[in-house]
$ cat entry02.txt   # compact mmCIF, N, CA and C atoms
# COMPACT_ATOMS: atom_id res chain seq x y z
N MET D 29 16.85 -6.72 -3.02
CA MET D 29 15.50 -6.51 -3.53
C MET D 29 15.57 -5.48 -4.65
N PRO D 30 15.09 -5.85 -5.85
CA PRO D 30 15.07 -4.87 -6.93
C PRO D 30 14.03 -3.79 -6.68
N THR D 31 14.35 -2.57 -7.05
CA THR D 31 13.42 -1.45 -6.87
C THR D 31 12.42 -1.44 -8.02
N PRO D 32 11.12 -1.41 -7.71
CA PRO D 32 10.13 -1.37 -8.79
C PRO D 32 10.20 -0.05 -9.56
N GLY D 33 9.84 -0.10 -10.82
CA GLY D 33 9.81 1.11 -11.64
C GLY D 33 8.59 1.97 -11.37
N LYS D 34 7.50 1.33 -10.97
CA LYS D 34 6.25 2.05 -10.71
C LYS D 34 5.52 1.34 -9.59
N ILE D 35 5.00 2.10 -8.66
CA ILE D 35 4.21 1.55 -7.56
C ILE D 35 2.83 2.19 -7.65
N LEU D 36 1.89 1.47 -8.21
CA LEU D 36 0.52 1.94 -8.42
C LEU D 36 -0.33 1.43 -7.26
N CYS D 37 -1.03 2.33 -6.60
CA CYS D 37 -1.79 1.98 -5.40
C CYS D 37 -3.26 2.36 -5.56
N VAL D 38 -4.11 1.63 -4.84
CA VAL D 38 -5.54 1.92 -4.82
C VAL D 38 -5.91 2.28 -3.39
N GLY D 39 -6.43 3.48 -3.20
CA GLY D 39 -6.79 3.96 -1.87
C GLY D 39 -8.22 3.65 -1.50
N ARG D 40 -8.44 3.57 -0.19
CA ARG D 40 -9.78 3.34 0.38
C ARG D 40 -10.44 2.10 -0.20
N ASN D 41 -9.65 1.04 -0.38
CA ASN D 41 -10.17 -0.18 -0.98
C ASN D 41 -10.61 -1.21 0.05
N TYR D 42 -10.43 -0.94 1.33
CA TYR D 42 -10.90 -1.83 2.39
C TYR D 42 -12.02 -1.14 3.15
N ARG D 43 -13.18 -1.76 3.22
CA ARG D 43 -14.34 -1.14 3.89
C ARG D 43 -14.02 -0.73 5.32
N GLU D 44 -13.42 -1.65 6.09
CA GLU D 44 -13.16 -1.36 7.50
C GLU D 44 -12.20 -0.19 7.67
N HIS D 45 -11.17 -0.11 6.82
CA HIS D 45 -10.21 0.98 6.95
C HIS D 45 -10.85 2.31 6.54
N ALA D 46 -11.67 2.28 5.51
CA ALA D 46 -12.37 3.51 5.10
C ALA D 46 -13.23 4.01 6.26
N LYS D 47 -13.94 3.10 6.92
CA LYS D 47 -14.78 3.48 8.07
C LYS D 47 -13.93 4.05 9.20
N GLU D 48 -12.77 3.44 9.45
CA GLU D 48 -11.84 3.91 10.48
C GLU D 48 -11.50 5.39 10.29
N LEU D 49 -11.34 5.78 9.04
CA LEU D 49 -10.95 7.15 8.71
C LEU D 49 -12.14 8.06 8.46
N GLY D 50 -13.36 7.53 8.64
CA GLY D 50 -14.55 8.34 8.44
C GLY D 50 -14.89 8.57 6.98
N ASN D 51 -14.48 7.65 6.10
CA ASN D 51 -14.72 7.77 4.66
C ASN D 51 -15.64 6.66 4.17
N GLU D 52 -16.32 6.94 3.09
CA GLU D 52 -17.09 5.90 2.40
C GLU D 52 -16.14 5.15 1.46
N VAL D 53 -16.50 3.93 1.11
CA VAL D 53 -15.75 3.21 0.09
C VAL D 53 -16.15 3.83 -1.25
N PRO D 54 -15.19 4.31 -2.03
CA PRO D 54 -15.52 4.99 -3.29
C PRO D 54 -16.17 4.05 -4.30
N THR D 55 -16.95 4.63 -5.21
CA THR D 55 -17.58 3.84 -6.27
C THR D 55 -16.61 3.58 -7.42
N THR D 56 -15.58 4.42 -7.55
CA THR D 56 -14.52 4.20 -8.53
C THR D 56 -13.18 4.21 -7.80
N PRO D 57 -12.19 3.50 -8.31
CA PRO D 57 -10.91 3.41 -7.60
C PRO D 57 -10.23 4.77 -7.41
N VAL D 58 -9.66 4.96 -6.23
CA VAL D 58 -8.84 6.14 -5.93
C VAL D 58 -7.39 5.69 -6.16
N ILE D 59 -6.78 6.19 -7.21
CA ILE D 59 -5.44 5.75 -7.62
C ILE D 59 -4.40 6.78 -7.20
N PHE D 60 -3.27 6.28 -6.67
CA PHE D 60 -2.14 7.14 -6.38
C PHE D 60 -0.86 6.35 -6.62
N LEU D 61 0.25 7.07 -6.74
CA LEU D 61 1.56 6.45 -6.95
C LEU D 61 2.45 6.69 -5.75
N LYS D 62 3.34 5.73 -5.49
CA LYS D 62 4.42 5.93 -4.54
C LYS D 62 5.71 5.92 -5.37
N PRO D 63 6.64 6.83 -5.09
CA PRO D 63 7.87 6.85 -5.89
C PRO D 63 8.80 5.69 -5.51
N PRO D 64 9.61 5.23 -6.45
CA PRO D 64 10.57 4.17 -6.13
C PRO D 64 11.49 4.52 -4.96
N SER D 65 11.74 5.81 -4.73
CA SER D 65 12.61 6.21 -3.62
C SER D 65 11.98 5.95 -2.25
N SER D 66 10.68 5.64 -2.22
CA SER D 66 10.02 5.35 -0.94
C SER D 66 10.24 3.90 -0.50
N VAL D 67 10.76 3.06 -1.39
CA VAL D 67 10.89 1.62 -1.12
C VAL D 67 12.09 1.32 -0.22
N ILE D 68 11.83 0.50 0.80
CA ILE D 68 12.87 -0.12 1.63
C ILE D 68 12.47 -1.57 1.84
N ALA D 69 13.41 -2.38 2.30
CA ALA D 69 13.11 -3.78 2.58
C ALA D 69 12.36 -3.91 3.90
N SER D 70 11.56 -4.95 4.01
CA SER D 70 10.85 -5.23 5.25
C SER D 70 11.85 -5.31 6.40
N GLY D 71 11.51 -4.69 7.51
CA GLY D 71 12.38 -4.71 8.68
C GLY D 71 13.34 -3.54 8.78
N GLU D 72 13.54 -2.79 7.68
CA GLU D 72 14.38 -1.60 7.74
C GLU D 72 13.63 -0.49 8.46
N ALA D 73 14.37 0.44 9.02
CA ALA D 73 13.77 1.54 9.78
C ALA D 73 13.10 2.55 8.86
N ILE D 74 11.91 2.97 9.25
CA ILE D 74 11.19 4.03 8.55
C ILE D 74 11.66 5.36 9.14
N ALA D 75 12.12 6.27 8.29
CA ALA D 75 12.59 7.58 8.75
C ALA D 75 11.40 8.53 8.80
N LEU D 76 11.09 9.02 9.98
CA LEU D 76 9.97 9.94 10.14
C LEU D 76 10.42 11.37 9.89
N PRO D 77 9.79 12.06 8.94
CA PRO D 77 10.18 13.43 8.62
C PRO D 77 9.92 14.38 9.80
N ALA D 78 10.79 15.35 9.97
CA ALA D 78 10.61 16.34 11.03
C ALA D 78 9.38 17.19 10.74
N GLY D 79 8.66 17.56 11.79
CA GLY D 79 7.54 18.47 11.66
C GLY D 79 6.25 17.86 11.14
N ILE D 80 6.23 16.57 10.99
CA ILE D 80 5.03 15.89 10.50
C ILE D 80 4.27 15.33 11.70
N GLY D 81 2.95 15.46 11.68
CA GLY D 81 2.11 14.99 12.78
C GLY D 81 1.90 13.50 12.76
N ARG D 82 0.67 13.10 12.52
CA ARG D 82 0.26 11.70 12.61
C ARG D 82 0.81 10.87 11.45
N ILE D 83 1.52 9.79 11.79
CA ILE D 83 2.03 8.84 10.80
C ILE D 83 1.28 7.52 11.03
N ASP D 84 0.71 6.97 9.97
CA ASP D 84 -0.03 5.71 10.06
C ASP D 84 0.63 4.65 9.18
N TYR D 85 0.29 3.42 9.47
CA TYR D 85 0.73 2.26 8.72
C TYR D 85 -0.52 1.61 8.14
N GLU D 86 -0.36 0.95 7.00
CA GLU D 86 -1.46 0.20 6.40
C GLU D 86 -0.87 -1.04 5.74
N GLY D 87 -1.20 -2.20 6.26
CA GLY D 87 -0.78 -3.43 5.62
C GLY D 87 -1.52 -3.62 4.32
N GLU D 88 -0.80 -3.92 3.27
CA GLU D 88 -1.40 -4.05 1.95
C GLU D 88 -0.85 -5.30 1.25
N ILE D 89 -1.60 -5.78 0.28
CA ILE D 89 -1.17 -6.87 -0.59
C ILE D 89 -0.64 -6.23 -1.86
N GLY D 90 0.61 -6.52 -2.19
CA GLY D 90 1.21 -5.99 -3.41
C GLY D 90 1.34 -7.08 -4.45
N LEU D 91 0.92 -6.80 -5.66
CA LEU D 91 1.10 -7.73 -6.76
C LEU D 91 2.27 -7.27 -7.60
N VAL D 92 3.14 -8.19 -7.92
CA VAL D 92 4.29 -7.89 -8.79
C VAL D 92 3.89 -8.29 -10.20
N ILE D 93 3.87 -7.30 -11.07
CA ILE D 93 3.48 -7.53 -12.47
C ILE D 93 4.76 -7.77 -13.27
N GLY D 94 4.82 -8.89 -13.96
CA GLY D 94 6.05 -9.31 -14.61
C GLY D 94 6.25 -8.84 -16.03
N GLN D 95 5.33 -8.06 -16.56
CA GLN D 95 5.49 -7.55 -17.93
C GLN D 95 4.71 -6.25 -18.08
N ARG D 96 5.08 -5.47 -19.07
CA ARG D 96 4.39 -4.21 -19.34
C ARG D 96 3.00 -4.51 -19.92
N LEU D 97 1.99 -3.82 -19.39
CA LEU D 97 0.62 -4.00 -19.87
C LEU D 97 0.06 -2.65 -20.31
N THR D 98 -0.70 -2.67 -21.39
CA THR D 98 -1.41 -1.49 -21.86
C THR D 98 -2.76 -1.94 -22.38
N LYS D 99 -3.83 -1.35 -21.81
CA LYS D 99 -5.19 -1.68 -22.24
C LYS D 99 -5.41 -3.19 -22.27
N ALA D 100 -4.96 -3.88 -21.24
CA ALA D 100 -5.02 -5.34 -21.19
C ALA D 100 -6.37 -5.81 -20.68
N SER D 101 -6.75 -6.99 -21.12
CA SER D 101 -7.99 -7.62 -20.65
C SER D 101 -7.78 -8.11 -19.22
N PRO D 102 -8.85 -8.37 -18.49
CA PRO D 102 -8.69 -8.94 -17.14
C PRO D 102 -7.88 -10.24 -17.15
N ALA D 103 -8.08 -11.09 -18.14
CA ALA D 103 -7.33 -12.35 -18.21
C ALA D 103 -5.84 -12.09 -18.43
N ALA D 104 -5.51 -11.13 -19.29
CA ALA D 104 -4.09 -10.80 -19.53
C ALA D 104 -3.46 -10.20 -18.27
N CYS D 105 -4.22 -9.40 -17.54
CA CYS D 105 -3.72 -8.83 -16.28
C CYS D 105 -3.42 -9.95 -15.28
N ALA D 106 -4.34 -10.88 -15.13
CA ALA D 106 -4.13 -11.98 -14.19
C ALA D 106 -2.92 -12.82 -14.59
N ALA D 107 -2.76 -13.05 -15.90
CA ALA D 107 -1.63 -13.85 -16.38
C ALA D 107 -0.29 -13.14 -16.17
N ALA D 108 -0.30 -11.82 -16.06
CA ALA D 108 0.94 -11.05 -15.91
C ALA D 108 1.41 -10.98 -14.46
N VAL D 109 0.61 -11.45 -13.50
CA VAL D 109 1.03 -11.42 -12.09
C VAL D 109 2.17 -12.41 -11.91
N ARG D 110 3.32 -11.89 -11.50
CA ARG D 110 4.52 -12.72 -11.30
C ARG D 110 4.60 -13.24 -9.87
N GLY D 111 4.07 -12.45 -8.92
CA GLY D 111 4.15 -12.85 -7.52
C GLY D 111 3.43 -11.86 -6.64
N VAL D 112 3.55 -12.08 -5.33
CA VAL D 112 2.87 -11.24 -4.35
C VAL D 112 3.88 -10.83 -3.28
N VAL D 113 3.70 -9.61 -2.75
CA VAL D 113 4.56 -9.10 -1.68
C VAL D 113 3.69 -8.43 -0.62
N ALA D 114 4.21 -8.41 0.59
CA ALA D 114 3.58 -7.63 1.65
C ALA D 114 4.10 -6.20 1.52
N VAL D 115 3.21 -5.23 1.68
CA VAL D 115 3.57 -3.82 1.55
C VAL D 115 3.03 -3.06 2.75
N ASN D 116 3.83 -2.13 3.26
CA ASN D 116 3.36 -1.21 4.30
C ASN D 116 3.21 0.15 3.65
N ASP D 117 1.97 0.60 3.52
CA ASP D 117 1.68 1.92 2.94
C ASP D 117 1.72 2.94 4.08
N VAL D 118 2.90 3.48 4.34
CA VAL D 118 3.08 4.47 5.41
C VAL D 118 2.53 5.80 4.92
N SER D 119 1.80 6.49 5.79
CA SER D 119 1.12 7.73 5.40
C SER D 119 1.24 8.80 6.47
N ALA D 120 1.51 10.03 6.03
CA ALA D 120 1.47 11.20 6.91
C ALA D 120 0.05 11.76 6.80
N ARG D 121 -0.81 11.39 7.74
CA ARG D 121 -2.24 11.71 7.64
C ARG D 121 -2.53 13.21 7.59
N ASP D 122 -1.80 14.02 8.33
CA ASP D 122 -2.05 15.46 8.30
C ASP D 122 -1.90 15.99 6.88
N LEU D 123 -0.85 15.56 6.19
CA LEU D 123 -0.64 16.01 4.82
C LEU D 123 -1.67 15.42 3.87
N GLN D 124 -2.05 14.17 4.11
CA GLN D 124 -3.03 13.53 3.24
C GLN D 124 -4.36 14.28 3.30
N LYS D 125 -4.73 14.76 4.47
CA LYS D 125 -5.99 15.49 4.61
C LYS D 125 -5.92 16.89 3.99
N SER D 126 -4.73 17.48 3.95
CA SER D 126 -4.61 18.86 3.45
C SER D 126 -4.29 18.95 1.96
N ASP D 127 -3.78 17.89 1.36
CA ASP D 127 -3.38 17.92 -0.05
C ASP D 127 -4.39 17.15 -0.90
N PRO D 128 -4.81 17.70 -2.05
CA PRO D 128 -5.73 16.94 -2.91
C PRO D 128 -5.06 15.72 -3.54
N GLN D 129 -3.75 15.78 -3.74
CA GLN D 129 -2.98 14.64 -4.23
C GLN D 129 -2.25 14.03 -3.04
N TRP D 130 -2.11 12.72 -3.00
CA TRP D 130 -1.52 12.04 -1.83
C TRP D 130 -0.03 11.79 -1.96
N TRP D 131 0.62 12.23 -3.03
CA TRP D 131 2.02 11.87 -3.24
C TRP D 131 2.92 12.32 -2.10
N ARG D 132 2.69 13.50 -1.55
CA ARG D 132 3.56 13.99 -0.48
C ARG D 132 3.33 13.19 0.79
N ALA D 133 2.09 12.91 1.14
CA ALA D 133 1.75 12.19 2.37
C ALA D 133 2.23 10.75 2.35
N LYS D 134 2.35 10.16 1.17
CA LYS D 134 2.67 8.75 1.06
C LYS D 134 4.01 8.48 0.36
N GLY D 135 4.69 9.53 -0.08
CA GLY D 135 5.86 9.33 -0.92
C GLY D 135 7.21 9.62 -0.31
N TYR D 136 7.27 9.92 0.98
CA TYR D 136 8.58 10.17 1.61
C TYR D 136 9.49 8.95 1.46
N ASP D 137 10.79 9.21 1.41
CA ASP D 137 11.75 8.11 1.42
C ASP D 137 11.44 7.22 2.61
N THR D 138 11.48 5.93 2.43
CA THR D 138 11.24 4.87 3.43
C THR D 138 9.77 4.64 3.73
N PHE D 139 8.84 5.29 3.05
CA PHE D 139 7.41 5.14 3.35
C PHE D 139 6.75 3.98 2.61
N CYS D 140 7.57 3.05 2.05
CA CYS D 140 7.00 1.88 1.37
C CYS D 140 7.85 0.63 1.62
N PRO D 141 7.86 0.13 2.88
CA PRO D 141 8.55 -1.14 3.12
C PRO D 141 7.86 -2.27 2.36
N ILE D 142 8.67 -3.11 1.72
CA ILE D 142 8.15 -4.22 0.92
C ILE D 142 8.84 -5.51 1.36
N GLY D 143 8.03 -6.56 1.56
CA GLY D 143 8.55 -7.87 1.94
C GLY D 143 9.09 -8.62 0.74
N ASP D 144 9.60 -9.82 1.02
CA ASP D 144 10.14 -10.67 -0.04
C ASP D 144 9.02 -11.15 -0.97
N GLU D 145 9.36 -11.26 -2.24
CA GLU D 145 8.38 -11.71 -3.23
C GLU D 145 8.16 -13.20 -3.13
N ARG D 146 6.90 -13.60 -3.12
CA ARG D 146 6.51 -15.01 -3.23
C ARG D 146 6.11 -15.23 -4.67
N GLN D 147 6.89 -16.06 -5.36
CA GLN D 147 6.69 -16.29 -6.79
C GLN D 147 5.40 -17.05 -7.06
N GLY D 148 4.85 -16.83 -8.23
CA GLY D 148 3.67 -17.56 -8.67
C GLY D 148 2.41 -16.75 -8.50
N THR D 149 1.35 -17.22 -9.13
CA THR D 149 0.07 -16.54 -9.06
C THR D 149 -0.68 -17.05 -7.84
N PRO D 150 -0.88 -16.21 -6.85
CA PRO D 150 -1.57 -16.64 -5.63
C PRO D 150 -3.09 -16.69 -5.82
N ASP D 151 -3.76 -17.36 -4.92
CA ASP D 151 -5.22 -17.29 -4.87
C ASP D 151 -5.55 -15.96 -4.21
N LEU D 152 -5.90 -14.97 -5.00
CA LEU D 152 -6.09 -13.62 -4.48
C LEU D 152 -7.25 -13.49 -3.50
N ALA D 153 -8.14 -14.46 -3.48
CA ALA D 153 -9.26 -14.43 -2.54
C ALA D 153 -8.92 -15.12 -1.22
N ALA D 154 -7.71 -15.65 -1.08
CA ALA D 154 -7.36 -16.41 0.12
C ALA D 154 -6.10 -15.89 0.82
N LEU D 155 -5.78 -14.62 0.63
CA LEU D 155 -4.59 -14.05 1.25
C LEU D 155 -4.93 -13.42 2.60
N GLU D 156 -3.97 -13.47 3.51
CA GLU D 156 -4.14 -12.84 4.82
C GLU D 156 -3.10 -11.74 4.97
N VAL D 157 -3.53 -10.61 5.50
CA VAL D 157 -2.63 -9.48 5.74
C VAL D 157 -2.50 -9.30 7.25
N ILE D 158 -1.27 -9.32 7.72
CA ILE D 158 -0.98 -9.06 9.14
C ILE D 158 0.05 -7.95 9.18
N THR D 159 -0.27 -6.89 9.90
CA THR D 159 0.64 -5.76 10.03
C THR D 159 1.16 -5.72 11.45
N ARG D 160 2.49 -5.62 11.58
CA ARG D 160 3.12 -5.51 12.88
C ARG D 160 3.93 -4.22 12.94
N VAL D 161 3.89 -3.56 14.09
CA VAL D 161 4.70 -2.37 14.34
C VAL D 161 5.62 -2.72 15.50
N ASN D 162 6.91 -2.71 15.23
CA ASN D 162 7.91 -3.10 16.23
C ASN D 162 7.57 -4.45 16.85
N GLY D 163 7.13 -5.40 16.03
CA GLY D 163 6.84 -6.75 16.47
C GLY D 163 5.44 -6.96 17.04
N GLU D 164 4.69 -5.90 17.28
CA GLU D 164 3.35 -6.01 17.87
C GLU D 164 2.30 -6.00 16.76
N GLU D 165 1.42 -7.02 16.75
CA GLU D 165 0.38 -7.09 15.73
C GLU D 165 -0.61 -5.94 15.90
N ARG D 166 -0.87 -5.22 14.81
CA ARG D 166 -1.78 -4.08 14.83
C ARG D 166 -2.96 -4.26 13.88
N GLN D 167 -2.79 -5.04 12.81
CA GLN D 167 -3.86 -5.24 11.85
C GLN D 167 -3.85 -6.70 11.40
N ARG D 168 -5.04 -7.21 11.12
CA ARG D 168 -5.17 -8.54 10.55
C ARG D 168 -6.43 -8.55 9.69
N GLY D 169 -6.30 -9.00 8.46
CA GLY D 169 -7.45 -9.04 7.58
C GLY D 169 -7.23 -10.05 6.47
N ARG D 170 -8.31 -10.35 5.77
CA ARG D 170 -8.26 -11.31 4.66
C ARG D 170 -8.70 -10.61 3.38
N SER D 171 -8.12 -11.03 2.28
CA SER D 171 -8.45 -10.43 0.99
C SER D 171 -9.89 -10.72 0.60
N ALA D 172 -10.44 -11.80 1.08
CA ALA D 172 -11.84 -12.13 0.76
C ALA D 172 -12.77 -11.09 1.33
$ encode --input "entry02.txt" --output "structure tokens"
Amino acid sequence: MPTPGKILCVGRNYREHAKELGNEVPTTPVIFLKPPSSVIASGEAIALPAGIGRIDYEGEIGLVIGQRLTKASPAACAAAVRGVVAVNDVSARDLQKSDPQWWRAKGYDTFCPIGDERQGTPDLAALEVITRVNGEERQRGRSA
């Protein structure tokens, strides 16, 4: 699996998950980055840092962008989607609550397991996200 150069994430983008954490869905996107060093392949072990409290998982839909974009139109953005991947946004919640920036809470090595890329432009309104922890289903949702 090639390591991405940039992992751009949008936080609190699912209504149900925002409610779970006691947050409102923001009116503007909450953007954060995960470092390439956080990436591992799906099924690899997540290394839990010593001294960290609550660790959470979040099943996410990852879009693989196949070309560099700058100030692109929505149509150009859609055309640049090369494929889709399953992503686990692992988070150290204690740190996320205490830090104004989320990079530390979400950027530890192994905190971004990524599945195999499915080539082609998917129907983004018809994707299903299923998150499993040690084989047990914990989350299920649809992009619609």
$ residues_near_point --input "entry02.txt" --point "(-1.5, 8.9, 1.0)" --cutoff "8 Å" --atoms "only C-alpha atoms" --output "list in words"
Gly39, Phe60, Asp117, Val118, Ser119, Ala120, Arg121, Gln124, Gln129, Trp130, Trp131, Arg132, Ala133, Lys134 and Gly135 of chain D
$ write_last_selection --input "entry02.txt" --atoms "N, CA and C atoms" --output "CSV table (one decimal), in the frame of the given file"
chain,number,residue,atom,x,y,z
D,39,GLY,N,-6.4,3.5,-3.2
D,39,GLY,CA,-6.8,4.0,-1.9
D,39,GLY,C,-8.2,3.6,-1.5
D,60,PHE,N,-3.3,6.3,-6.7
D,60,PHE,CA,-2.1,7.1,-6.4
D,60,PHE,C,-0.9,6.4,-6.6
D,117,ASP,N,2.0,0.6,3.5
D,117,ASP,CA,1.7,1.9,2.9
D,117,ASP,C,1.7,2.9,4.1
D,118,VAL,N,2.9,3.5,4.3
D,118,VAL,CA,3.1,4.5,5.4
D,118,VAL,C,2.5,5.8,4.9
D,119,SER,N,1.8,6.5,5.8
D,119,SER,CA,1.1,7.7,5.4
D,119,SER,C,1.2,8.8,6.5
D,120,ALA,N,1.5,10.0,6.0
D,120,ALA,CA,1.5,11.2,6.9
D,120,ALA,C,0.0,11.8,6.8
D,121,ARG,N,-0.8,11.4,7.7
D,121,ARG,CA,-2.2,11.7,7.6
D,121,ARG,C,-2.5,13.2,7.6
D,124,GLN,N,-2.0,14.2,4.1
D,124,GLN,CA,-3.0,13.5,3.2
D,124,GLN,C,-4.4,14.3,3.3
D,129,GLN,N,-3.8,15.8,-3.7
D,129,GLN,CA,-3.0,14.6,-4.2
D,129,GLN,C,-2.2,14.0,-3.0
D,130,TRP,N,-2.1,12.7,-3.0
D,130,TRP,CA,-1.5,12.0,-1.8
D,130,TRP,C,0.0,11.8,-2.0
D,131,TRP,N,0.6,12.2,-3.0
D,131,TRP,CA,2.0,11.9,-3.2
D,131,TRP,C,2.9,12.3,-2.1
D,132,ARG,N,2.7,13.5,-1.6
D,132,ARG,CA,3.6,14.0,-0.5
D,132,ARG,C,3.3,13.2,0.8
D,133,ALA,N,2.1,12.9,1.1
D,133,ALA,CA,1.8,12.2,2.4
D,133,ALA,C,2.2,10.8,2.4
D,134,LYS,N,2.4,10.2,1.2
D,134,LYS,CA,2.7,8.8,1.1
D,134,LYS,C,4.0,8.5,0.4
D,135,GLY,N,4.7,9.5,-0.1
D,135,GLY,CA,5.9,9.3,-0.9
D,135,GLY,C,7.2,9.6,-0.3
$ select_by_dssp --input "entry02.txt" --residues "chain D" --states "strand (DSSP E or B)" --output "VMD selection string"
chain D and resid 35 to 39 58 to 62 67 to 69 83 to 84 87 to 93 109 to 116 119 to 120 140 to 142 146 to 147 156 to 161 164 to 170
$ residues_around --input "entry02.txt" --residues "Arg110 of chain D" --least-positions-apart "4" --cutoff "10 Å" --atoms "only C-alpha atoms" --output "PyMOL selection string"
chain D and resi 91-95+106+145-150
$ closest_atom_pairs --input "entry02.txt" --of "segment 41-110 of chain D" --to "segment 151-164 of chain D" --cutoff "7 Å" --atoms "only N, CA and C atoms" --output "JSON lines"
{"residue": "D:Glu86", "atom": "C", "partner": "D:Thr159", "partner_atom": "CA", "distance": 6.6}
{"residue": "D:Gly87", "atom": "CA", "partner": "D:Thr159", "partner_atom": "CA", "distance": 5.2}
{"residue": "D:Glu88", "atom": "N", "partner": "D:Val157", "partner_atom": "CA", "distance": 6.4}
{"residue": "D:Ile89", "atom": "N", "partner": "D:Val157", "partner_atom": "CA", "distance": 6.7}
$ atom_distance --input "entry02.txt" --atom1 "atom C of Gly79 of chain D" --atom2 "atom C of Leu123 of chain D"
11.0 Å
